[in-house]
Amino acid sequence: MPAWTWLPALWAVAVLATWASLHYARRRRLIDQPGERRSHVLPTPRGGGLGIAVALLLGCAVAAAGGMLGGRAALAFAVGLVLVAGIGWVDDHRPLSPALRLLVQCLAGVVVALGLFGIDGRWGWALVAFAAVPVLVNVWNFMDGIDGLATTQALLAGGTLALLAPAQAGALGWVLVAGCAGFLPFNFPRARIFLGDVGSGALGYALAVIAVLAAARPGAGVAAVCVLLPLSAFLVDASLTLAGRVLAGERWWLAHVSHLYQRMVRAGHRHVAVTLVYAAFSLVAGILALVLNQLALNQFASNQAGPWLAGVATVCWLLLAALTWFLLRRAATH
């Protein structure tokens, strides 16, 4: 089935499933209330990310049926997604312990690691996949705090990674883009429903799988680190904020308003403006990733300069992102 046919269909599925989730959340009183550790000011339903999870599952099946995704990879992706989104859906109804959620996320990482790489004996990539799943699931959970932010970042990252690796990672990347595009009108510029743990978990999980598949593509070499660029806005904010809270002796696993995007909102910036700033940053990062990747591919056959340049440029971008984080955080604090 041509992509122009099934991607709009997946978008429609995400729209309908999100609409149904909105009415379900209102009926079941699944409402996030405003508070000191939240950035919204109105009671808002949660759990709308179920629409993205449904679109991802259906898209995975369609991609496998159309030969764009291997059967074993599709099965591993689907099982891991059900585990992560499922535990998030339960948590949206009644809070679960962080340890239990992490255990299920790690189990999903095992499924992905074995299904995508372990059976082929690529144990190095299997280890990376195992670690990437709980890391990105929790990064997206931590960073899902204002209207449109987590979904726009996932949409941009998914599209960039799909262009970087047009094979299996590309198929899943475009499915993710379609799912995010279907949910986004319900969440931006004004949120009528939040992703919930089911949604933030599904986004982080999907990006972990897509990023590792893109990095592990044949011939990538050192240029594989380019997959970090479209994820860099969230990776830098989440990791530096977490490090600061740990060093300060805070209970880092609890909800808080210490991330840069939260500080910017508390400093008086609107959700829309902050989300667009992050989007602009990630758009530039994505373009840089595509340019560096193409440069690496063009020069790979003749010498190693291209791949190494891509690696060095990626490290420099991450350092620049960290410096920008410190400067903006200081400006938002004063």
# chains A, B, ... in the order shown; residues from 1 in each chain; ligands from 1

call {"tool": "closest_atom_pairs", "arguments": {"of": "region 172-269 of chain A", "to": "region 286-289 of chain A", "cutoff": "12 Å", "atoms": "only C-alpha atoms", "output": "JSON lines"}}
result
{"residue": "A:Ala214", "atom": "CA", "partner": "A:Ala289", "partner_atom": "CA", "distance": 11.9}
{"residue": "A:Ala215", "atom": "CA", "partner": "A:Ala289", "partner_atom": "CA", "distance": 11.9}
{"residue": "A:Ala223", "atom": "CA", "partner": "A:Ala289", "partner_atom": "CA", "distance": 9.2}
{"residue": "A:Ala224", "atom": "CA", "partner": "A:Ala289", "partner_atom": "CA", "distance": 10.0}
{"residue": "A:Val225", "atom": "CA", "partner": "A:Ala289", "partner_atom": "CA", "distance": 9.1}
{"residue": "A:Cys226", "atom": "CA", "partner": "A:Ala289", "partner_atom": "CA", "distance": 5.4}
{"residue": "A:Val227", "atom": "CA", "partner": "A:Ala289", "partner_atom": "CA", "distance": 7.2}
{"residue": "A:Leu228", "atom": "CA", "partner": "A:Ala289", "partner_atom": "CA", "distance": 8.5}
{"residue": "A:Leu229", "atom": "CA", "partner": "A:Ala289", "partner_atom": "CA", "distance": 6.0}
{"residue": "A:Pro230", "atom": "CA", "partner": "A:Gly286", "partner_atom": "CA", "distance": 4.9}
{"residue": "A:Leu231", "atom": "CA", "partner": "A:Gly286", "partner_atom": "CA", "distance": 8.7}
{"residue": "A:Ser232", "atom": "CA", "partner": "A:Gly286", "partner_atom": "CA", "distance": 9.5}
{"residue": "A:Ala233", "atom": "CA", "partner": "A:Gly286", "partner_atom": "CA", "distance": 10.8}

call {"tool": "residues_around", "arguments": {"residues": "region 41-54 of chain A", "least_positions_apart": "3", "cutoff": "8 Å", "atoms": "only C-alpha atoms", "output": "short mmCIF file (atom, residue, chain, number, x, y, z; two decimals) with N, CA and C atoms, in the first residue's frame"}}
result
data_model
loop_
_atom_site.label_atom_id
_atom_site.label_comp_id
_atom_site.auth_asym_id
_atom_site.auth_seq_id
_atom_site.Cartn_x
_atom_site.Cartn_y
_atom_site.Cartn_z
N VAL A 13 -6.97 7.82 12.10
CA VAL A 13 -7.12 6.92 13.25
C VAL A 13 -6.72 7.62 14.53
N ALA A 14 -5.60 8.34 14.49
CA ALA A 14 -5.14 9.06 15.68
C ALA A 14 -6.14 10.13 16.09
N VAL A 15 -6.71 10.83 15.12
CA VAL A 15 -7.71 11.86 15.42
C VAL A 15 -8.93 11.24 16.11
N LEU A 16 -9.45 10.19 15.53
CA LEU A 16 -10.66 9.56 16.09
C LEU A 16 -10.39 8.95 17.46
N ALA A 17 -9.23 8.28 17.60
CA ALA A 17 -8.91 7.66 18.89
C ALA A 17 -8.68 8.72 19.97
N THR A 18 -8.08 9.85 19.61
CA THR A 18 -7.88 10.92 20.58
C THR A 18 -9.22 11.54 20.98
N TRP A 19 -10.09 11.74 20.00
CA TRP A 19 -11.43 12.27 20.29
C TRP A 19 -12.19 11.34 21.24
N SER A 21 -10.79 9.24 23.32
CA SER A 21 -10.11 9.30 24.61
C SER A 21 -10.53 10.52 25.41
N LEU A 22 -10.77 11.64 24.71
CA LEU A 22 -11.21 12.86 25.39
C LEU A 22 -12.56 12.64 26.07
N ALA A 25 -12.11 10.20 29.01
CA ALA A 25 -11.47 10.81 30.17
C ALA A 25 -12.44 11.70 30.94
N ARG A 26 -13.27 12.43 30.21
CA ARG A 26 -14.26 13.27 30.88
C ARG A 26 -15.28 12.42 31.65
N ARG A 29 -13.61 10.89 34.70
CA ARG A 29 -13.00 11.89 35.58
C ARG A 29 -11.48 11.73 35.67
N LEU A 30 -10.87 11.43 34.56
CA LEU A 30 -9.40 11.37 34.49
C LEU A 30 -8.91 12.78 34.20
N ILE A 31 -8.76 13.57 35.24
CA ILE A 31 -8.48 14.99 35.10
C ILE A 31 -7.21 15.35 35.86
N ASP A 32 -6.29 16.08 35.19
CA ASP A 32 -5.12 16.63 35.87
C ASP A 32 -5.49 17.99 36.43
N GLN A 33 -5.37 18.14 37.74
CA GLN A 33 -5.69 19.39 38.40
C GLN A 33 -4.46 20.30 38.46
N PRO A 34 -4.64 21.61 38.39
CA PRO A 34 -3.51 22.54 38.55
C PRO A 34 -2.90 22.40 39.94
N GLY A 35 -1.64 22.78 40.07
CA GLY A 35 -0.96 22.70 41.36
C GLY A 35 0.40 23.34 41.30
N LEU A 57 0.48 1.19 16.72
CA LEU A 57 0.25 -0.25 16.60
C LEU A 57 -0.30 -0.60 15.22
N LEU A 58 -1.28 0.14 14.76
CA LEU A 58 -1.87 -0.13 13.46
C LEU A 58 -0.86 0.13 12.34
N LEU A 81 5.66 -1.82 22.76
CA LEU A 81 4.75 -0.68 22.83
C LEU A 81 3.56 -0.98 23.74
N ALA A 85 2.96 1.47 26.82
CA ALA A 85 1.71 2.23 26.79
C ALA A 85 0.70 1.65 27.77
N TRP A 89 -1.18 3.58 30.68
CA TRP A 89 -2.64 3.68 30.70
C TRP A 89 -3.18 3.33 32.09
N ASP A 92 -2.40 6.17 34.42
CA ASP A 92 -3.30 7.30 34.22
C ASP A 92 -4.60 7.13 34.99
N LEU A 176 5.01 7.46 13.30
CA LEU A 176 5.01 8.32 14.48
C LEU A 176 4.59 9.74 14.11
N GLY A 179 0.82 9.81 13.70
CA GLY A 179 0.14 9.73 14.99
C GLY A 179 0.20 11.05 15.75
N CYS A 180 1.38 11.68 15.75
CA CYS A 180 1.53 12.96 16.45
C CYS A 180 0.68 14.05 15.79
N GLY A 182 -2.08 13.68 14.26
CA GLY A 182 -3.48 13.46 14.60
C GLY A 182 -3.83 13.93 16.00
N PHE A 183 -2.90 13.79 16.93
CA PHE A 183 -3.15 14.18 18.32
C PHE A 183 -2.96 15.68 18.55
N ALA A 191 -4.41 23.12 25.13
CA ALA A 191 -4.63 21.71 25.40
C ALA A 191 -6.05 21.44 25.85
N ARG A 192 -6.79 20.63 25.08
CA ARG A 192 -8.08 20.12 25.53
C ARG A 192 -7.92 18.79 26.24
N ILE A 193 -6.78 18.12 25.97
CA ILE A 193 -6.45 16.87 26.65
C ILE A 193 -4.94 16.71 26.65
N PHE A 194 -4.42 16.10 27.70
CA PHE A 194 -2.99 15.85 27.81
C PHE A 194 -2.66 14.45 27.30
N LEU A 195 -1.38 14.24 26.99
CA LEU A 195 -0.92 12.92 26.57
C LEU A 195 -1.17 11.85 27.62
N GLY A 196 -0.92 12.19 28.88
CA GLY A 196 -0.93 11.19 29.93
C GLY A 196 0.30 10.31 29.83
N ASP A 197 0.47 9.42 30.80
CA ASP A 197 1.62 8.51 30.77
C ASP A 197 1.54 7.54 29.60
N VAL A 198 0.32 7.20 29.18
CA VAL A 198 0.18 6.32 28.02
C VAL A 198 0.77 6.97 26.78
N GLY A 199 0.59 8.30 26.64
CA GLY A 199 1.09 8.99 25.47
C GLY A 199 2.57 9.32 25.53
N SER A 200 3.02 9.88 26.66
CA SER A 200 4.44 10.21 26.77
C SER A 200 5.29 8.95 26.71
N ALA A 202 4.48 6.14 25.07
CA ALA A 202 4.47 5.66 23.69
C ALA A 202 5.43 6.47 22.82
N LEU A 203 5.47 7.79 23.02
CA LEU A 203 6.36 8.64 22.24
C LEU A 203 7.83 8.31 22.54
#

call {"tool": "select_by_dssp", "arguments": {"residues": "region 154-329 of chain A", "states": "alpha helix (DSSP H)", "output": "ChimeraX atom specification"}}
result
/A:154-164,168-183,196-215,232-247,260-266,271-300,305-329

call {"tool": "residues_around", "arguments": {"residues": "region 116-127 of chain A", "least_positions_apart": "3", "cutoff": "8 Å", "atoms": "only C-alpha atoms", "output": "list in words"}}
result
Arg72, Ala73, Ala76, Val112, Ala113, Phe130, Ala131, Val212 and Ala216 of chain A

call {"tool": "write_last_selection", "arguments": {"atoms": "N, CA and C atoms", "output": "PDB file, in the first residue's frame"}}
result
ATOM      1  N   ARG A  72       9.688  -9.901  12.365  1.00  0.00           N
ATOM      2  CA  ARG A  72      10.227 -10.017  13.723  1.00  0.00           C
ATOM      3  C   ARG A  72      10.363  -8.650  14.377  1.00  0.00           C
ATOM      4  N   ALA A  73      10.820  -7.654  13.594  1.00  0.00           N
ATOM      5  CA  ALA A  73      10.956  -6.298  14.127  1.00  0.00           C
ATOM      6  C   ALA A  73       9.596  -5.731  14.492  1.00  0.00           C
ATOM      7  N   ALA A  76       8.376  -7.373  17.777  1.00  0.00           N
ATOM      8  CA  ALA A  76       9.106  -6.852  18.934  1.00  0.00           C
ATOM      9  C   ALA A  76       8.656  -5.434  19.264  1.00  0.00           C
ATOM     10  N   VAL A 112      12.700  -5.465  22.857  1.00  0.00           N
ATOM     11  CA  VAL A 112      13.227  -4.773  21.678  1.00  0.00           C
ATOM     12  C   VAL A 112      14.667  -5.197  21.399  1.00  0.00           C
ATOM     13  N   ALA A 113      15.481  -5.247  22.441  1.00  0.00           N
ATOM     14  CA  ALA A 113      16.884  -5.605  22.267  1.00  0.00           C
ATOM     15  C   ALA A 113      17.046  -6.991  21.655  1.00  0.00           C
ATOM     16  N   PHE A 130      18.309  -1.704  24.755  1.00  0.00           N
ATOM     17  CA  PHE A 130      17.784  -1.971  26.095  1.00  0.00           C
ATOM     18  C   PHE A 130      17.834  -0.725  26.960  1.00  0.00           C
ATOM     19  N   ALA A 131      18.946   0.016  26.895  1.00  0.00           N
ATOM     20  CA  ALA A 131      19.086   1.225  27.715  1.00  0.00           C
ATOM     21  C   ALA A 131      18.243   2.372  27.173  1.00  0.00           C
ATOM     22  N   VAL A 212      17.570   3.972  17.569  1.00  0.00           N
ATOM     23  CA  VAL A 212      18.571   2.894  17.574  1.00  0.00           C
ATOM     24  C   VAL A 212      18.618   2.203  16.209  1.00  0.00           C
ATOM     25  N   ALA A 216      21.960   2.109  13.935  1.00  0.00           N
ATOM     26  CA  ALA A 216      22.562   0.809  13.623  1.00  0.00           C
ATOM     27  C   ALA A 216      22.539   0.480  12.132  1.00  0.00           C
TER      28      ALA A 216
END

call {"tool": "atom_distance", "arguments": {"atom1": "CA of Ala310 (chain A)", "atom2": "CA of Ile210 (chain A)"}}
result
19.4 Å

call {"tool": "closest_residue", "arguments": {"among": "A:Cys316, A:Ala220, A:Leu327, A:Ala267", "to": "Ser39 (chain A)", "atoms": "only C-alpha atoms"}}
result
A:Ala267

call {"tool": "closest_residue", "arguments": {"among": "A:Leu295, A:Leu242, A:Ala78, A:Ala273", "to": "Ser258 (chain A)", "atoms": "only C-alpha atoms"}}
result
A:Leu242

call {"tool": "closest_residue", "arguments": {"among": "A:Thr241, A:Gln168, A:Thr160, A:Asn298", "to": "Val284 (chain A)", "atoms": "only C-alpha atoms"}}
result
A:Thr160

call {"tool": "residues_around", "arguments": {"residues": "Arg190 (chain A)", "least_positions_apart": "2", "cutoff": "9 Å", "atoms": "only C-alpha atoms", "output": "list in words"}}
result
Asp147, Gly148, Pro185, Phe186, Asn187, Phe188, Arg192, Ile193, His271 and Val272 of chain A

call {"tool": "closest_residue", "arguments": {"among": "A:Ser239, A:Trp253, A:Leu155, A:Ser282", "to": "Ala99 (chain A)", "atoms": "only C-alpha atoms"}}
result
A:Trp253
